[in-house]
Every structure is written in C-alpha cells, then in structure tokens.
>>> print(open('data-v6.csv').read())   # CSV, N, CA and C atoms and all ligand atoms
chain,number,residue,atom,x,y,z
A,10,MET,N,22.5,12.8,-19.2
A,10,MET,CA,23.2,11.6,-19.7
A,10,MET,C,22.9,10.4,-18.8
A,11,HIS,N,22.7,9.2,-19.4
A,11,HIS,CA,22.5,8.0,-18.6
A,11,HIS,C,23.7,7.1,-18.8
A,12,ALA,N,24.4,7.0,-17.7
A,12,ALA,CA,25.6,6.2,-17.7
A,12,ALA,C,25.3,4.7,-17.6
A,13,HIS,N,24.2,4.3,-17.0
A,13,HIS,CA,23.9,2.9,-16.8
A,13,HIS,C,22.7,2.4,-17.7
A,14,ALA,N,22.7,2.8,-18.9
A,14,ALA,CA,21.5,2.6,-19.7
A,14,ALA,C,21.6,1.4,-20.6
A,15,SER,N,22.6,0.6,-20.5
A,15,SER,CA,22.8,-0.4,-21.5
A,15,SER,C,22.6,-1.9,-21.0
A,16,SER,N,22.0,-2.1,-19.8
A,16,SER,CA,21.9,-3.4,-19.3
A,16,SER,C,20.5,-4.1,-19.5
A,17,HIS,N,19.7,-3.5,-20.3
A,17,HIS,CA,18.3,-4.0,-20.5
A,17,HIS,C,18.2,-4.4,-22.0
A,18,THR,N,18.4,-5.7,-22.2
A,18,THR,CA,18.2,-6.2,-23.6
A,18,THR,C,16.9,-7.0,-23.6
A,19,THR,N,15.9,-6.6,-24.3
A,19,THR,CA,14.6,-7.3,-24.3
A,19,THR,C,14.5,-8.2,-25.5
A,20,THR,N,13.7,-9.3,-25.2
A,20,THR,CA,13.4,-10.3,-26.3
A,20,THR,C,11.9,-10.7,-26.1
A,21,THR,N,11.3,-11.2,-27.1
A,21,THR,CA,10.0,-11.8,-26.9
A,21,THR,C,10.0,-13.3,-27.1
A,22,THR,N,9.3,-14.0,-26.3
A,22,THR,CA,9.2,-15.4,-26.3
A,22,THR,C,7.8,-15.9,-26.6
A,23,GLU,N,7.6,-16.9,-27.4
A,23,GLU,CA,6.3,-17.4,-27.7
A,23,GLU,C,6.0,-18.6,-26.9
A,24,ARG,N,4.8,-18.7,-26.4
A,24,ARG,CA,4.4,-19.9,-25.6
A,24,ARG,C,3.0,-20.3,-26.0
A,25,GLY,N,3.0,-21.3,-26.9
A,25,GLY,CA,1.7,-21.6,-27.4
A,25,GLY,C,1.1,-20.5,-28.2
A,26,SER,N,-0.1,-20.0,-27.9
A,26,SER,CA,-0.6,-18.9,-28.6
A,26,SER,C,-0.4,-17.6,-27.9
A,27,PHE,N,0.5,-17.6,-26.9
A,27,PHE,CA,0.8,-16.4,-26.2
A,27,PHE,C,2.2,-15.9,-26.5
A,28,ALA,N,2.5,-14.7,-26.2
A,28,ALA,CA,3.8,-14.1,-26.3
A,28,ALA,C,4.1,-13.3,-25.1
A,29,LEU,N,5.4,-13.4,-24.6
A,29,LEU,CA,5.7,-12.6,-23.5
A,29,LEU,C,7.1,-12.0,-23.7
A,30,ALA,N,7.3,-10.8,-23.0
A,30,ALA,CA,8.6,-10.1,-23.1
A,30,ALA,C,9.5,-10.6,-22.0
A,31,ARG,N,10.7,-10.7,-22.3
A,31,ARG,CA,11.7,-11.0,-21.3
A,31,ARG,C,12.9,-10.0,-21.4
A,32,CYS,N,13.6,-9.8,-20.3
A,32,CYS,CA,14.7,-8.9,-20.4
A,32,CYS,C,16.0,-9.6,-19.8
A,33,SER,N,17.1,-9.1,-20.2
A,33,SER,CA,18.4,-9.6,-19.7
A,33,SER,C,18.6,-9.4,-18.2
A,34,CYS,N,17.8,-8.5,-17.6
A,34,CYS,CA,18.0,-8.2,-16.2
A,34,CYS,C,17.2,-9.2,-15.4
A,35,GLY,N,16.4,-10.1,-16.0
A,35,GLY,CA,15.6,-11.1,-15.3
A,35,GLY,C,14.1,-10.8,-15.3
A,36,TRP,N,13.7,-9.6,-15.7
A,36,TRP,CA,12.3,-9.2,-15.8
A,36,TRP,C,11.6,-10.0,-16.8
A,37,ALA,N,10.3,-10.3,-16.6
A,37,ALA,CA,9.5,-10.9,-17.6
A,37,ALA,C,8.1,-10.3,-17.6
A,38,GLY,N,7.6,-10.0,-18.7
A,38,GLY,CA,6.2,-9.4,-18.8
A,38,GLY,C,5.1,-10.4,-18.7
A,39,PRO,N,3.9,-9.9,-18.7
A,39,PRO,CA,2.7,-10.8,-18.7
A,39,PRO,C,2.5,-11.5,-20.0
A,40,ALA,N,1.9,-12.6,-20.0
A,40,ALA,CA,1.6,-13.3,-21.3
A,40,ALA,C,0.5,-12.5,-22.1
A,41,ARG,N,0.8,-12.3,-23.3
A,41,ARG,CA,-0.1,-11.5,-24.2
A,41,ARG,C,-0.6,-12.4,-25.3
A,42,ARG,N,-1.7,-12.0,-25.8
A,42,ARG,CA,-2.3,-12.7,-27.0
A,42,ARG,C,-1.5,-12.4,-28.3
A,43,SER,N,-0.9,-11.2,-28.3
A,43,SER,CA,-0.2,-10.8,-29.5
A,43,SER,C,1.2,-10.4,-29.3
A,44,ARG,N,2.1,-10.7,-30.2
A,44,ARG,CA,3.5,-10.4,-30.1
A,44,ARG,C,3.7,-8.9,-30.0
A,45,ASP,N,2.9,-8.2,-30.7
A,45,ASP,CA,3.0,-6.7,-30.7
A,45,ASP,C,2.8,-6.2,-29.2
A,46,ARG,N,1.9,-6.7,-28.5
A,46,ARG,CA,1.7,-6.3,-27.1
A,46,ARG,C,2.9,-6.6,-26.3
A,47,ALA,N,3.5,-7.8,-26.5
A,47,ALA,CA,4.6,-8.2,-25.7
A,47,ALA,C,5.8,-7.2,-26.0
A,48,ARG,N,5.9,-6.8,-27.3
A,48,ARG,CA,7.0,-5.9,-27.6
A,48,ARG,C,6.8,-4.6,-27.0
A,49,THR,N,5.5,-4.1,-26.9
A,49,THR,CA,5.2,-2.9,-26.2
A,49,THR,C,5.6,-3.0,-24.7
A,50,ASP,N,5.3,-4.1,-24.1
A,50,ASP,CA,5.7,-4.3,-22.7
A,50,ASP,C,7.2,-4.2,-22.6
A,51,ALA,N,7.9,-4.8,-23.5
A,51,ALA,CA,9.4,-4.8,-23.4
A,51,ALA,C,9.9,-3.4,-23.6
A,52,ALA,N,9.3,-2.6,-24.5
A,52,ALA,CA,9.7,-1.3,-24.7
A,52,ALA,C,9.4,-0.4,-23.4
A,53,ASP,N,8.3,-0.6,-22.9
A,53,ASP,CA,7.9,0.1,-21.7
A,53,ASP,C,8.9,-0.2,-20.5
A,54,HIS,N,9.2,-1.5,-20.4
A,54,HIS,CA,10.1,-1.9,-19.3
A,54,HIS,C,11.4,-1.3,-19.5
A,55,ALA,N,12.0,-1.4,-20.7
A,55,ALA,CA,13.3,-0.8,-20.9
A,55,ALA,C,13.3,0.7,-20.6
A,56,ARG,N,12.3,1.4,-21.0
A,56,ARG,CA,12.3,2.8,-20.8
A,56,ARG,C,12.2,3.1,-19.3
A,57,SER,N,11.2,2.5,-18.6
A,57,SER,CA,11.1,2.8,-17.2
A,57,SER,C,12.2,2.3,-16.3
A,58,ALA,N,12.7,1.1,-16.7
A,58,ALA,CA,13.9,0.6,-15.9
A,58,ALA,C,15.1,1.5,-16.0
A,59,VAL,N,15.3,2.1,-17.2
A,59,VAL,CA,16.4,3.0,-17.3
A,59,VAL,C,16.2,4.2,-16.5
A,60,THR,N,15.0,4.8,-16.5
A,60,THR,CA,14.8,6.1,-15.7
A,60,THR,C,14.8,5.8,-14.2
A,61,GLU,N,14.3,4.6,-13.8
A,61,GLU,CA,14.2,4.4,-12.4
A,61,GLU,C,15.4,3.7,-11.8
A,62,GLU,N,16.5,3.6,-12.6
A,62,GLU,CA,17.7,3.0,-12.0
A,62,GLU,C,18.3,3.9,-11.0
A,63,PRO,N,18.7,3.3,-9.9
A,63,PRO,CA,19.3,4.1,-8.8
A,63,PRO,C,20.7,4.7,-9.1
A,101,ZN,ZN,15.4,-5.1,-17.7
>>> encode(input="data-v6.csv", output="structure tokens")
Amino acid sequence: MHAHASSHTTTTTERGSFALARCSCGWAGPARRSRDRARTDAADHARSAVTEEP
C-alpha cells in the first residue's frame, strides 16, 4: 500500500510549438515537440516519484 501517493498532480503546458509536463510537486519535464510525449513524461514522473518517495 502507498500511503503518500496522492501529491503528484501532473498537467501539460504548451509553449509555442512545444509542450512540457509539470507537476504539483514542482517538477517540470523537458520541452517536447508533441503533447503526447509530454504526457508520457508526466506519467513516468508520477509513477517513479511515487515509488521513490522516502
Ligand atoms: Zn511530482
């Protein structure tokens, strides 16, 4: 069970022709050419951030 798994809310932001993922914890992903890529970054972050939480 993960007791602290609810603090990562991710969104995607568009910047010109790029998109990047951001998280409520302050994390931001790299600028991507496609919004799909940014969403994948967000999903990856949320997953690994939860498992690596102390
Ligand atoms: Zn986060």
>>> residues_near_ligand(input="data-v6.csv", ligand="ligand ZN 101 (chain A)", cutoff="6 Å", atoms="all atoms listed in the file", output="number ranges by chain")
A: 16-18, 32-36, 54-55
>>> select_by_dssp(input="data-v6.csv", residues="chain A", states="strand (DSSP E)", output="tab-separated table (two decimals) with N, CA and C atoms, in the frame of the given file")
chain	number	residue	atom	x	y	z
A	19	THR	N	15.90	-6.60	-24.30
A	19	THR	CA	14.60	-7.30	-24.30
A	19	THR	C	14.50	-8.20	-25.50
A	20	THR	N	13.70	-9.30	-25.20
A	20	THR	CA	13.40	-10.30	-26.30
A	20	THR	C	11.90	-10.70	-26.10
A	21	THR	N	11.30	-11.20	-27.10
A	21	THR	CA	10.00	-11.80	-26.90
A	21	THR	C	10.00	-13.30	-27.10
A	22	THR	N	9.30	-14.00	-26.30
A	22	THR	CA	9.20	-15.40	-26.30
A	22	THR	C	7.80	-15.90	-26.60
A	23	GLU	N	7.60	-16.90	-27.40
A	23	GLU	CA	6.30	-17.40	-27.70
A	23	GLU	C	6.00	-18.60	-26.90
A	24	ARG	N	4.80	-18.70	-26.40
A	24	ARG	CA	4.40	-19.90	-25.60
A	24	ARG	C	3.00	-20.30	-26.00
A	27	PHE	N	0.50	-17.60	-26.90
A	27	PHE	CA	0.80	-16.40	-26.20
A	27	PHE	C	2.20	-15.90	-26.50
A	28	ALA	N	2.50	-14.70	-26.20
A	28	ALA	CA	3.80	-14.10	-26.30
A	28	ALA	C	4.10	-13.30	-25.10
A	29	LEU	N	5.40	-13.40	-24.60
A	29	LEU	CA	5.70	-12.60	-23.50
A	29	LEU	C	7.10	-12.00	-23.70
A	30	ALA	N	7.30	-10.80	-23.00
A	30	ALA	CA	8.60	-10.10	-23.10
A	30	ALA	C	9.50	-10.60	-22.00
A	31	ARG	N	10.70	-10.70	-22.30
A	31	ARG	CA	11.70	-11.00	-21.30
A	31	ARG	C	12.90	-10.00	-21.40
A	32	CYS	N	13.60	-9.80	-20.30
A	32	CYS	CA	14.70	-8.90	-20.40
A	32	CYS	C	16.00	-9.60	-19.80
>>> atom_distance(input="data-v6.csv", atom1="atom CA of A:Ser57", atom2="atom CA of A:Arg41")
19.5 Å
>>> atom_distance(input="data-v6.csv", atom1="atom CA of A:Thr49", atom2="atom N of A:Arg24")
15.8 Å
>>> atom_distance(input="data-v6.csv", atom1="atom N of A:Asp53", atom2="atom C of A:Ser26")
19.7 Å
>>> residues_around(input="data-v6.csv", residues="A:Thr22", least_positions_apart="3", cutoff="8 Å", atoms="all atoms listed in the file", output="number ranges by chain")
A: 19, 25, 27-31, 44, 47
>>> select_by_dssp(input="data-v6.csv", residues="chain A", states="helix (DSSP H, G or I)", output="ChimeraX atom specification")
/A:44-60
